[in-house]
Amino acid sequence: MARVNREYREDAKERIVNAALTIVINKGWDAMTLDAIAQEIGVTTPALYSYFKNRDALQDEVMIRALQNNREEIETTLSHGKNLHEVLEDYARLLFVHKSQYARVLSNMPVRFLQDPVQRENIAAMYKSSTMVIRRCLASAQVRGEMPAELDLDTTTRFIHALTFGLHVTSLFSAKIDDSREKEIWLDGVERLLRIGPQAGQ
C-alpha cells in the first residue's frame, strides 16, 4: 500500500510540474500561479501544498525540468551523424526558427533564480553540459577533417555561445524580429569562426 501511495504521489507531482511548465511556456513565469495550475489539472489550490510548500518551490522544480529538457534538445540536434554544415543548419533552426520552448523559458527566468545559489549552480551546470555537447560535436568534425585542426575548441565553443546569447538579447529590443534572418546571421558567423562554408577565411 505504501508503494502505491508513493507512486501516486510521484505521478501527481509529475502532473503538477508538467502543467506548470506548460503554463510558463505558453504564458510566461508570471502566469504560473498555484490557482492557474490547480485549474489546469483539475484540483483545488490547497491540494498543491501537499506536494510543494510554496510557489517558489514549484518554480524551482519547473526550472530544473526546463534545464534538463533544453539540454536534451541540444544533444539530440548536435549528436546525429550528419556533416558539420547540416548539423549547424539544424542547430540554427532550433535556436531561431523553431525556437526551443525551453530556451524561451530560460531566457525569461525570474531574477530570483540568478540570486539563488542553488539555482545559479543548476544553471551553471546546464551551461557547462551544453558547452560540452557543442565541443564534442566540433571535436568530431575536426577529426573528420571538416574544420581546421588548429582551432581551439574551448575558445571556439565560447564564441558560439556568445554569438547565440548576443542575438537572443538584441532581439528583445527589436520591434520586428525576422527569425530566418537571425538564423542566417548566426550560421554565417559560426561558419566564419570555424573557417568553413563559402565565407571561410573572410
# chains A, B, ... in the order shown; residues from 1 in each chain; ligands from 1
>>> closest_atom_pairs(of="range 111-144 of chain A", to="range 27-32 of chain A", cutoff="12 Å", atoms="only C-alpha atoms", output="JSON lines")
{"residue": "A:Val111", "atom": "CA", "partner": "A:Trp29", "partner_atom": "CA", "distance": 11.0}
{"residue": "A:Arg112", "atom": "CA", "partner": "A:Trp29", "partner_atom": "CA", "distance": 11.6}
{"residue": "A:Phe113", "atom": "CA", "partner": "A:Trp29", "partner_atom": "CA", "distance": 11.8}
>>> residues_around(residues="range 158-175 of chain A", least_positions_apart="3", cutoff="9 Å", atoms="only C-alpha atoms", output="list in words")
Leu95, Phe96, Ser107, Thr131, Ile134, Leu153, Asp154, Thr155, Glu182, Ile185, Trp186, Gly189, Val190 and Leu193 of chain A
>>> closest_residue(among="A:Arg120, A:His80, A:Arg93, A:Lys53", to="Arg181 in chain A", atoms="only C-alpha atoms")
A:Arg93
>>> closest_residue(among="A:Ile177, A:Leu84, A:Gln101, A:Ile123", to="Gln142 in chain A", atoms="only C-alpha atoms")
A:Leu84
>>> residues_around(residues="Glu72 in chain A", least_positions_apart="3", cutoff="12 Å", atoms="only C-alpha atoms", output="list of chain:residue names")
A:Arg65, A:Ala66, A:Leu67, A:Gln68, A:Asn69, A:Glu75, A:Thr76, A:Thr77, A:Leu78, A:Ser79, A:Ser100, A:Tyr102, A:Ala103, A:Met126, A:Ser129, A:Ser130, A:Val133
>>> write_last_selection(atoms="C-alpha atoms", output="tab-separated table (two decimals), in the first residue's frame")
chain	number	residue	atom	x	y	z
A	65	ARG	CA	12.87	20.33	-15.69
A	66	ALA	CA	13.35	23.11	-18.26
A	67	LEU	CA	17.14	22.87	-17.91
A	68	GLN	CA	17.05	19.11	-18.41
A	69	ASN	CA	14.75	19.29	-21.42
A	75	GLU	CA	22.16	16.97	-27.55
A	76	THR	CA	19.63	15.39	-29.91
A	77	THR	CA	20.24	18.10	-32.50
A	78	LEU	CA	24.03	18.01	-32.33
A	79	SER	CA	24.62	14.30	-31.89
A	100	SER	CA	13.22	25.73	-28.38
A	102	TYR	CA	12.67	25.56	-23.09
A	103	ALA	CA	15.10	28.21	-24.29
A	126	MET	CA	23.38	23.24	-17.67
A	129	SER	CA	26.79	20.49	-20.05
A	130	SER	CA	25.55	22.15	-23.25
A	133	VAL	CA	27.85	18.80	-26.19
>>> closest_residue(among="A:Val97, A:Leu114, A:Val62, A:Leu194", to="Thr22 in chain A", atoms="only C-alpha atoms")
A:Val62
>>> select_by_dssp(residues="range 13-196 of chain A", states="alpha helix (DSSP H)", output="PyMOL selection string")
chain A and resi 13-27+34-41+45-48+55-78+84-92+101-107+111-115+117-143+153-171+179-194
>>> atom_distance(atom1="CA of Ala38 in chain A", atom2="CA of Gln115 in chain A")
27.7 Å
>>> residues_around(residues="Met63 in chain A", least_positions_apart="5", cutoff="9 Å", atoms="only C-alpha atoms", output="NGL selection string")
:A and (21 or 58 or 68 or 105-106 or 109 or 113 or 119 or 122-123)
>>> atom_distance(atom1="CA of Ile196 in chain A", atom2="CA of Glu146 in chain A")
7.6 Å
>>> atom_distance(atom1="CA of Thr45 in chain A", atom2="CA of Val17 in chain A")
14.1 Å
>>> closest_residue(among="A:Ala47, A:Asp35, A:Asn18, A:Cys137", to="Val87 in chain A", atoms="only C-alpha atoms")
A:Cys137
>>> residues_around(residues="range 8-16 of chain A", least_positions_apart="4", cutoff="12 Å", atoms="only C-alpha atoms", output="PDB file with N, CA and C atoms, in the first residue's frame")
ATOM      1  N   MET A   1       0.828  -1.212   0.000  1.00  0.00           N
ATOM      2  CA  MET A   1       0.000   0.000   0.000  1.00  0.00           C
ATOM      3  C   MET A   1       0.864   1.266   0.000  1.00  0.00           C
ATOM      4  N   ALA A   2       1.974   1.211   0.783  1.00  0.00           N
ATOM      5  CA  ALA A   2       2.882   2.361   0.836  1.00  0.00           C
ATOM      6  C   ALA A   2       3.475   2.635  -0.535  1.00  0.00           C
ATOM      7  N   ARG A   3       3.782   1.535  -1.256  1.00  0.00           N
ATOM      8  CA  ARG A   3       4.354   1.679  -2.599  1.00  0.00           C
ATOM      9  C   ARG A   3       3.346   2.331  -3.536  1.00  0.00           C
ATOM     10  N   VAL A   4       2.090   1.935  -3.442  1.00  0.00           N
ATOM     11  CA  VAL A   4       1.035   2.510  -4.275  1.00  0.00           C
ATOM     12  C   VAL A   4       0.895   3.998  -3.985  1.00  0.00           C
ATOM     13  N   ALA A  20       2.627  23.158 -14.787  1.00  0.00           N
ATOM     14  CA  ALA A  20       3.285  24.439 -14.505  1.00  0.00           C
ATOM     15  C   ALA A  20       4.210  24.826 -15.650  1.00  0.00           C
ATOM     16  N   LEU A  21       4.971  23.856 -16.165  1.00  0.00           N
ATOM     17  CA  LEU A  21       5.889  24.136 -17.268  1.00  0.00           C
ATOM     18  C   LEU A  21       5.126  24.557 -18.520  1.00  0.00           C
ATOM     19  N   THR A  22       4.008  23.910 -18.786  1.00  0.00           N
ATOM     20  CA  THR A  22       3.186  24.272 -19.947  1.00  0.00           C
ATOM     21  C   THR A  22       2.693  25.710 -19.840  1.00  0.00           C
ATOM     22  N   ILE A  23       2.284  26.099 -18.648  1.00  0.00           N
ATOM     23  CA  ILE A  23       1.814  27.471 -18.437  1.00  0.00           C
ATOM     24  C   ILE A  23       2.945  28.463 -18.669  1.00  0.00           C
ATOM     25  N   MET A  32       2.322  31.637 -13.945  1.00  0.00           N
ATOM     26  CA  MET A  32       2.417  30.359 -13.241  1.00  0.00           C
ATOM     27  C   MET A  32       2.026  30.531 -11.774  1.00  0.00           C
ATOM     28  N   THR A  33       0.735  30.692 -11.539  1.00  0.00           N
ATOM     29  CA  THR A  33       0.228  30.799 -10.179  1.00  0.00           C
ATOM     30  C   THR A  33      -0.313  29.439  -9.750  1.00  0.00           C
ATOM     31  N   LEU A  34      -0.405  29.237  -8.457  1.00  0.00           N
ATOM     32  CA  LEU A  34      -0.949  27.972  -7.962  1.00  0.00           C
ATOM     33  C   LEU A  34      -2.406  27.802  -8.378  1.00  0.00           C
ATOM     34  N   ASP A  35      -3.148  28.894  -8.413  1.00  0.00           N
ATOM     35  CA  ASP A  35      -4.544  28.825  -8.868  1.00  0.00           C
ATOM     36  C   ASP A  35      -4.628  28.349 -10.317  1.00  0.00           C
ATOM     37  N   ALA A  36      -3.749  28.879 -11.177  1.00  0.00           N
ATOM     38  CA  ALA A  36      -3.764  28.507 -12.594  1.00  0.00           C
ATOM     39  C   ALA A  36      -3.402  27.034 -12.771  1.00  0.00           C
ATOM     40  N   ILE A  37      -2.434  26.576 -11.992  1.00  0.00           N
ATOM     41  CA  ILE A  37      -2.007  25.173 -12.085  1.00  0.00           C
ATOM     42  C   ILE A  37      -3.122  24.244 -11.604  1.00  0.00           C
ATOM     43  N   ALA A  38      -3.744  24.615 -10.486  1.00  0.00           N
ATOM     44  CA  ALA A  38      -4.836  23.799  -9.945  1.00  0.00           C
ATOM     45  C   ALA A  38      -5.969  23.683 -10.954  1.00  0.00           C
ATOM     46  N   GLN A  39      -6.285  24.783 -11.614  1.00  0.00           N
ATOM     47  CA  GLN A  39      -7.342  24.775 -12.619  1.00  0.00           C
ATOM     48  C   GLN A  39      -6.942  23.899 -13.812  1.00  0.00           C
ATOM     49  N   GLU A  40      -5.650  23.954 -14.196  1.00  0.00           N
ATOM     50  CA  GLU A  40      -5.146  23.185 -15.346  1.00  0.00           C
ATOM     51  C   GLU A  40      -5.298  21.685 -15.134  1.00  0.00           C
ATOM     52  N   ILE A  41      -5.037  21.217 -13.905  1.00  0.00           N
ATOM     53  CA  ILE A  41      -5.068  19.764 -13.672  1.00  0.00           C
ATOM     54  C   ILE A  41      -6.325  19.304 -12.932  1.00  0.00           C
ATOM     55  N   GLY A  42      -7.200  20.269 -12.597  1.00  0.00           N
ATOM     56  CA  GLY A  42      -8.486  19.900 -12.022  1.00  0.00           C
ATOM     57  C   GLY A  42      -8.457  19.520 -10.552  1.00  0.00           C
ATOM     58  N   VAL A  43      -7.680  20.251  -9.754  1.00  0.00           N
ATOM     59  CA  VAL A  43      -7.665  20.029  -8.306  1.00  0.00           C
ATOM     60  C   VAL A  43      -7.861  21.364  -7.610  1.00  0.00           C
ATOM     61  N   THR A  44      -8.000  21.322  -6.303  1.00  0.00           N
ATOM     62  CA  THR A  44      -8.103  22.570  -5.551  1.00  0.00           C
ATOM     63  C   THR A  44      -6.698  23.122  -5.298  1.00  0.00           C
ATOM     64  N   THR A  45      -6.624  24.420  -5.144  1.00  0.00           N
ATOM     65  CA  THR A  45      -5.320  25.047  -4.874  1.00  0.00           C
ATOM     66  C   THR A  45      -4.683  24.527  -3.592  1.00  0.00           C
ATOM     67  N   ALA A  47      -4.711  21.669  -2.370  1.00  0.00           N
ATOM     68  CA  ALA A  47      -4.161  20.328  -2.590  1.00  0.00           C
ATOM     69  C   ALA A  47      -2.716  20.380  -3.067  1.00  0.00           C
ATOM     70  N   LEU A  48      -2.336  21.455  -3.754  1.00  0.00           N
ATOM     71  CA  LEU A  48      -0.967  21.569  -4.268  1.00  0.00           C
ATOM     72  C   LEU A  48       0.059  21.676  -3.145  1.00  0.00           C
ATOM     73  N   TYR A  49      -0.375  22.210  -2.009  1.00  0.00           N
ATOM     74  CA  TYR A  49       0.556  22.372  -0.886  1.00  0.00           C
ATOM     75  C   TYR A  49       0.946  21.029  -0.267  1.00  0.00           C
ATOM     76  N   SER A  50       0.274  19.974  -0.658  1.00  0.00           N
ATOM     77  CA  SER A  50       0.673  18.641  -0.208  1.00  0.00           C
ATOM     78  C   SER A  50       1.949  18.183  -0.910  1.00  0.00           C
ATOM     79  N   TYR A  51       2.262  18.844  -2.033  1.00  0.00           N
ATOM     80  CA  TYR A  51       3.417  18.446  -2.842  1.00  0.00           C
ATOM     81  C   TYR A  51       4.519  19.509  -2.867  1.00  0.00           C
ATOM     82  N   PHE A  52       4.127  20.774  -2.762  1.00  0.00           N
ATOM     83  CA  PHE A  52       5.091  21.872  -2.784  1.00  0.00           C
ATOM     84  C   PHE A  52       4.719  22.867  -1.695  1.00  0.00           C
ATOM     85  N   ARG A  55       4.986  28.547  -3.954  1.00  0.00           N
ATOM     86  CA  ARG A  55       5.168  28.756  -5.395  1.00  0.00           C
ATOM     87  C   ARG A  55       6.638  28.711  -5.778  1.00  0.00           C
ATOM     88  N   LEU A  58       7.849  25.188  -6.279  1.00  0.00           N
ATOM     89  CA  LEU A  58       7.379  24.639  -7.547  1.00  0.00           C
ATOM     90  C   LEU A  58       8.156  25.243  -8.713  1.00  0.00           C
ATOM     91  N   GLN A  59       8.418  26.549  -8.641  1.00  0.00           N
ATOM     92  CA  GLN A  59       9.223  27.187  -9.685  1.00  0.00           C
ATOM     93  C   GLN A  59      10.597  26.526  -9.805  1.00  0.00           C
ATOM     94  N   GLU A  61      11.365  23.420  -9.234  1.00  0.00           N
ATOM     95  CA  GLU A  61      11.200  22.149  -9.934  1.00  0.00           C
ATOM     96  C   GLU A  61      11.004  22.374 -11.439  1.00  0.00           C
ATOM     97  N   VAL A  62      10.232  23.402 -11.772  1.00  0.00           N
ATOM     98  CA  VAL A  62       9.983  23.712 -13.177  1.00  0.00           C
ATOM     99  C   VAL A  62      11.282  24.124 -13.867  1.00  0.00           C
ATOM    100  N   ARG A  65      13.407  21.079 -14.565  1.00  0.00           N
ATOM    101  CA  ARG A  65      12.867  20.327 -15.694  1.00  0.00           C
ATOM    102  C   ARG A  65      13.197  21.030 -17.016  1.00  0.00           C
TER     103      ARG A  65
END
>>> decode(residues="range 53-85 of chain A", atoms="N, CA, C and O atoms", output="mmCIF file, in the first residue's frame")
data_model
loop_
_atom_site.group_PDB
_atom_site.id
_atom_site.type_symbol
_atom_site.label_atom_id
_atom_site.label_comp_id
_atom_site.auth_asym_id
_atom_site.auth_seq_id
_atom_site.Cartn_x
_atom_site.Cartn_y
_atom_site.Cartn_z
ATOM 1 N N LYS A 53 5.716 23.278 -0.921
ATOM 2 C CA LYS A 53 5.396 24.142 0.227
ATOM 3 C C LYS A 53 4.961 25.539 -0.188
ATOM 4 O O LYS A 53 4.234 26.219 0.536
ATOM 5 N N ASN A 54 5.418 25.992 -1.395
ATOM 6 C CA ASN A 54 5.006 27.308 -1.878
ATOM 7 C C ASN A 54 5.302 27.408 -3.381
ATOM 8 O O ASN A 54 5.824 26.468 -3.993
ATOM 9 N N ARG A 55 4.986 28.547 -3.954
ATOM 10 C CA ARG A 55 5.168 28.756 -5.395
ATOM 11 C C ARG A 55 6.638 28.711 -5.778
ATOM 12 O O ARG A 55 7.003 28.188 -6.837
ATOM 13 N N ASP A 56 7.504 29.246 -4.940
ATOM 14 C CA ASP A 56 8.938 29.240 -5.244
ATOM 15 C C ASP A 56 9.476 27.815 -5.364
ATOM 16 O O ASP A 56 10.290 27.517 -6.247
ATOM 17 N N ALA A 57 9.024 26.943 -4.473
ATOM 18 C CA ALA A 57 9.483 25.550 -4.514
ATOM 19 C C ALA A 57 9.060 24.882 -5.820
ATOM 20 O O ALA A 57 9.824 24.111 -6.426
ATOM 21 N N LEU A 58 7.849 25.188 -6.279
ATOM 22 C CA LEU A 58 7.379 24.639 -7.547
ATOM 23 C C LEU A 58 8.156 25.243 -8.713
ATOM 24 O O LEU A 58 8.528 24.542 -9.658
ATOM 25 N N GLN A 59 8.418 26.549 -8.641
ATOM 26 C CA GLN A 59 9.223 27.187 -9.685
ATOM 27 C C GLN A 59 10.597 26.526 -9.805
ATOM 28 O O GLN A 59 11.114 26.336 -10.910
ATOM 29 N N ASP A 60 11.178 26.169 -8.662
ATOM 30 C CA ASP A 60 12.484 25.512 -8.679
ATOM 31 C C ASP A 60 12.420 24.199 -9.460
ATOM 32 O O ASP A 60 13.307 23.895 -10.261
ATOM 33 N N GLU A 61 11.365 23.420 -9.234
ATOM 34 C CA GLU A 61 11.200 22.149 -9.934
ATOM 35 C C GLU A 61 11.004 22.374 -11.439
ATOM 36 O O GLU A 61 11.534 21.628 -12.265
ATOM 37 N N VAL A 62 10.232 23.402 -11.772
ATOM 38 C CA VAL A 62 9.983 23.712 -13.177
ATOM 39 C C VAL A 62 11.282 24.124 -13.867
ATOM 40 O O VAL A 62 11.566 23.719 -14.999
ATOM 41 N N MET A 63 12.097 24.921 -13.183
ATOM 42 C CA MET A 63 13.372 25.346 -13.763
ATOM 43 C C MET A 63 14.289 24.155 -14.013
ATOM 44 O O MET A 63 14.922 24.039 -15.069
ATOM 45 N N ILE A 64 14.370 23.244 -13.049
ATOM 46 C CA ILE A 64 15.207 22.044 -13.214
ATOM 47 C C ILE A 64 14.740 21.238 -14.426
ATOM 48 O O ILE A 64 15.538 20.782 -15.244
ATOM 49 N N ARG A 65 13.407 21.079 -14.565
ATOM 50 C CA ARG A 65 12.867 20.327 -15.694
ATOM 51 C C ARG A 65 13.197 21.030 -17.016
ATOM 52 O O ARG A 65 13.572 20.383 -18.008
ATOM 53 N N ALA A 66 13.057 22.355 -17.043
ATOM 54 C CA ALA A 66 13.349 23.106 -18.262
ATOM 55 C C ALA A 66 14.822 22.975 -18.645
ATOM 56 O O ALA A 66 15.158 22.822 -19.825
ATOM 57 N N LEU A 67 15.703 23.024 -17.654
ATOM 58 C CA LEU A 67 17.135 22.873 -17.909
ATOM 59 C C LEU A 67 17.445 21.500 -18.497
ATOM 60 O O LEU A 67 18.207 21.367 -19.463
ATOM 61 N N GLN A 68 16.833 20.467 -17.921
ATOM 62 C CA GLN A 68 17.054 19.105 -18.405
ATOM 63 C C GLN A 68 16.548 18.937 -19.837
ATOM 64 O O GLN A 68 17.238 18.382 -20.693
ATOM 65 N N ASN A 69 15.342 19.432 -20.095
ATOM 66 C CA ASN A 69 14.752 19.290 -21.420
ATOM 67 C C ASN A 69 15.527 20.079 -22.481
ATOM 68 O O ASN A 69 15.688 19.626 -23.619
ATOM 69 N N ASN A 70 16.001 21.272 -22.090
ATOM 70 C CA ASN A 70 16.761 22.097 -23.021
ATOM 71 C C ASN A 70 18.056 21.400 -23.429
ATOM 72 O O ASN A 70 18.422 21.364 -24.607
ATOM 73 N N ARG A 71 18.723 20.790 -22.465
ATOM 74 C CA ARG A 71 19.964 20.087 -22.766
ATOM 75 C C ARG A 71 19.696 18.894 -23.693
ATOM 76 O O ARG A 71 20.456 18.631 -24.625
ATOM 77 N N GLU A 72 18.599 18.187 -23.445
ATOM 78 C CA GLU A 72 18.271 17.030 -24.284
ATOM 79 C C GLU A 72 17.999 17.452 -25.735
ATOM 80 O O GLU A 72 18.401 16.763 -26.675
ATOM 81 N N GLU A 73 17.331 18.596 -25.913
ATOM 82 C CA GLU A 73 17.080 19.105 -27.262
ATOM 83 C C GLU A 73 18.389 19.409 -27.976
ATOM 84 O O GLU A 73 18.578 19.077 -29.145
ATOM 85 N N ILE A 74 19.308 20.066 -27.256
ATOM 86 C CA ILE A 74 20.601 20.414 -27.851
ATOM 87 C C ILE A 74 21.374 19.153 -28.222
ATOM 88 O O ILE A 74 21.921 19.042 -29.325
ATOM 89 N N GLU A 75 21.399 18.187 -27.294
ATOM 90 C CA GLU A 75 22.164 16.966 -27.547
ATOM 91 C C GLU A 75 21.584 16.189 -28.716
ATOM 92 O O GLU A 75 22.327 15.680 -29.567
ATOM 93 N N THR A 76 20.269 16.099 -28.795
ATOM 94 C CA THR A 76 19.630 15.388 -29.906
ATOM 95 C C THR A 76 19.979 16.043 -31.240
ATOM 96 O O THR A 76 20.274 15.364 -32.227
ATOM 97 N N THR A 77 19.966 17.373 -31.265
ATOM 98 C CA THR A 77 20.238 18.103 -32.501
ATOM 99 C C THR A 77 21.688 17.968 -32.946
ATOM 100 O O THR A 77 21.970 17.831 -34.140
ATOM 101 N N LEU A 78 22.606 17.987 -31.987
ATOM 102 C CA LEU A 78 24.028 18.015 -32.334
ATOM 103 C C LEU A 78 24.680 16.636 -32.411
ATOM 104 O O LEU A 78 25.829 16.536 -32.844
ATOM 105 N N SER A 79 23.976 15.611 -32.013
ATOM 106 C CA SER A 79 24.624 14.304 -31.890
ATOM 107 C C SER A 79 24.361 13.338 -33.044
ATOM 108 O O SER A 79 24.847 12.216 -33.021
ATOM 109 N N HIS A 80 23.544 13.732 -34.039
ATOM 110 C CA HIS A 80 23.322 12.788 -35.123
ATOM 111 C C HIS A 80 24.499 12.818 -36.107
ATOM 112 O O HIS A 80 25.357 13.687 -36.057
ATOM 113 N N GLY A 81 24.530 11.855 -37.020
ATOM 114 C CA GLY A 81 25.709 11.627 -37.833
ATOM 115 C C GLY A 81 25.796 12.400 -39.131
ATOM 116 O O GLY A 81 26.380 11.905 -40.090
ATOM 117 N N LYS A 82 25.242 13.587 -39.205
ATOM 118 C CA LYS A 82 25.324 14.384 -40.426
ATOM 119 C C LYS A 82 26.666 15.117 -40.497
ATOM 120 O O LYS A 82 27.416 15.152 -39.526
ATOM 121 N N ASN A 83 26.943 15.729 -41.658
ATOM 122 C CA ASN A 83 28.167 16.523 -41.736
ATOM 123 C C ASN A 83 27.988 17.822 -40.954
ATOM 124 O O ASN A 83 26.869 18.191 -40.580
ATOM 125 N N LEU A 84 29.087 18.529 -40.718
ATOM 126 C CA LEU A 84 29.055 19.679 -39.811
ATOM 127 C C LEU A 84 28.113 20.769 -40.295
ATOM 128 O O LEU A 84 27.373 21.347 -39.489
ATOM 129 N N HIS A 85 28.115 21.051 -41.580
ATOM 130 C CA HIS A 85 27.234 22.108 -42.084
ATOM 131 C C HIS A 85 25.766 21.775 -41.823
ATOM 132 O O HIS A 85 24.996 22.642 -41.398
#
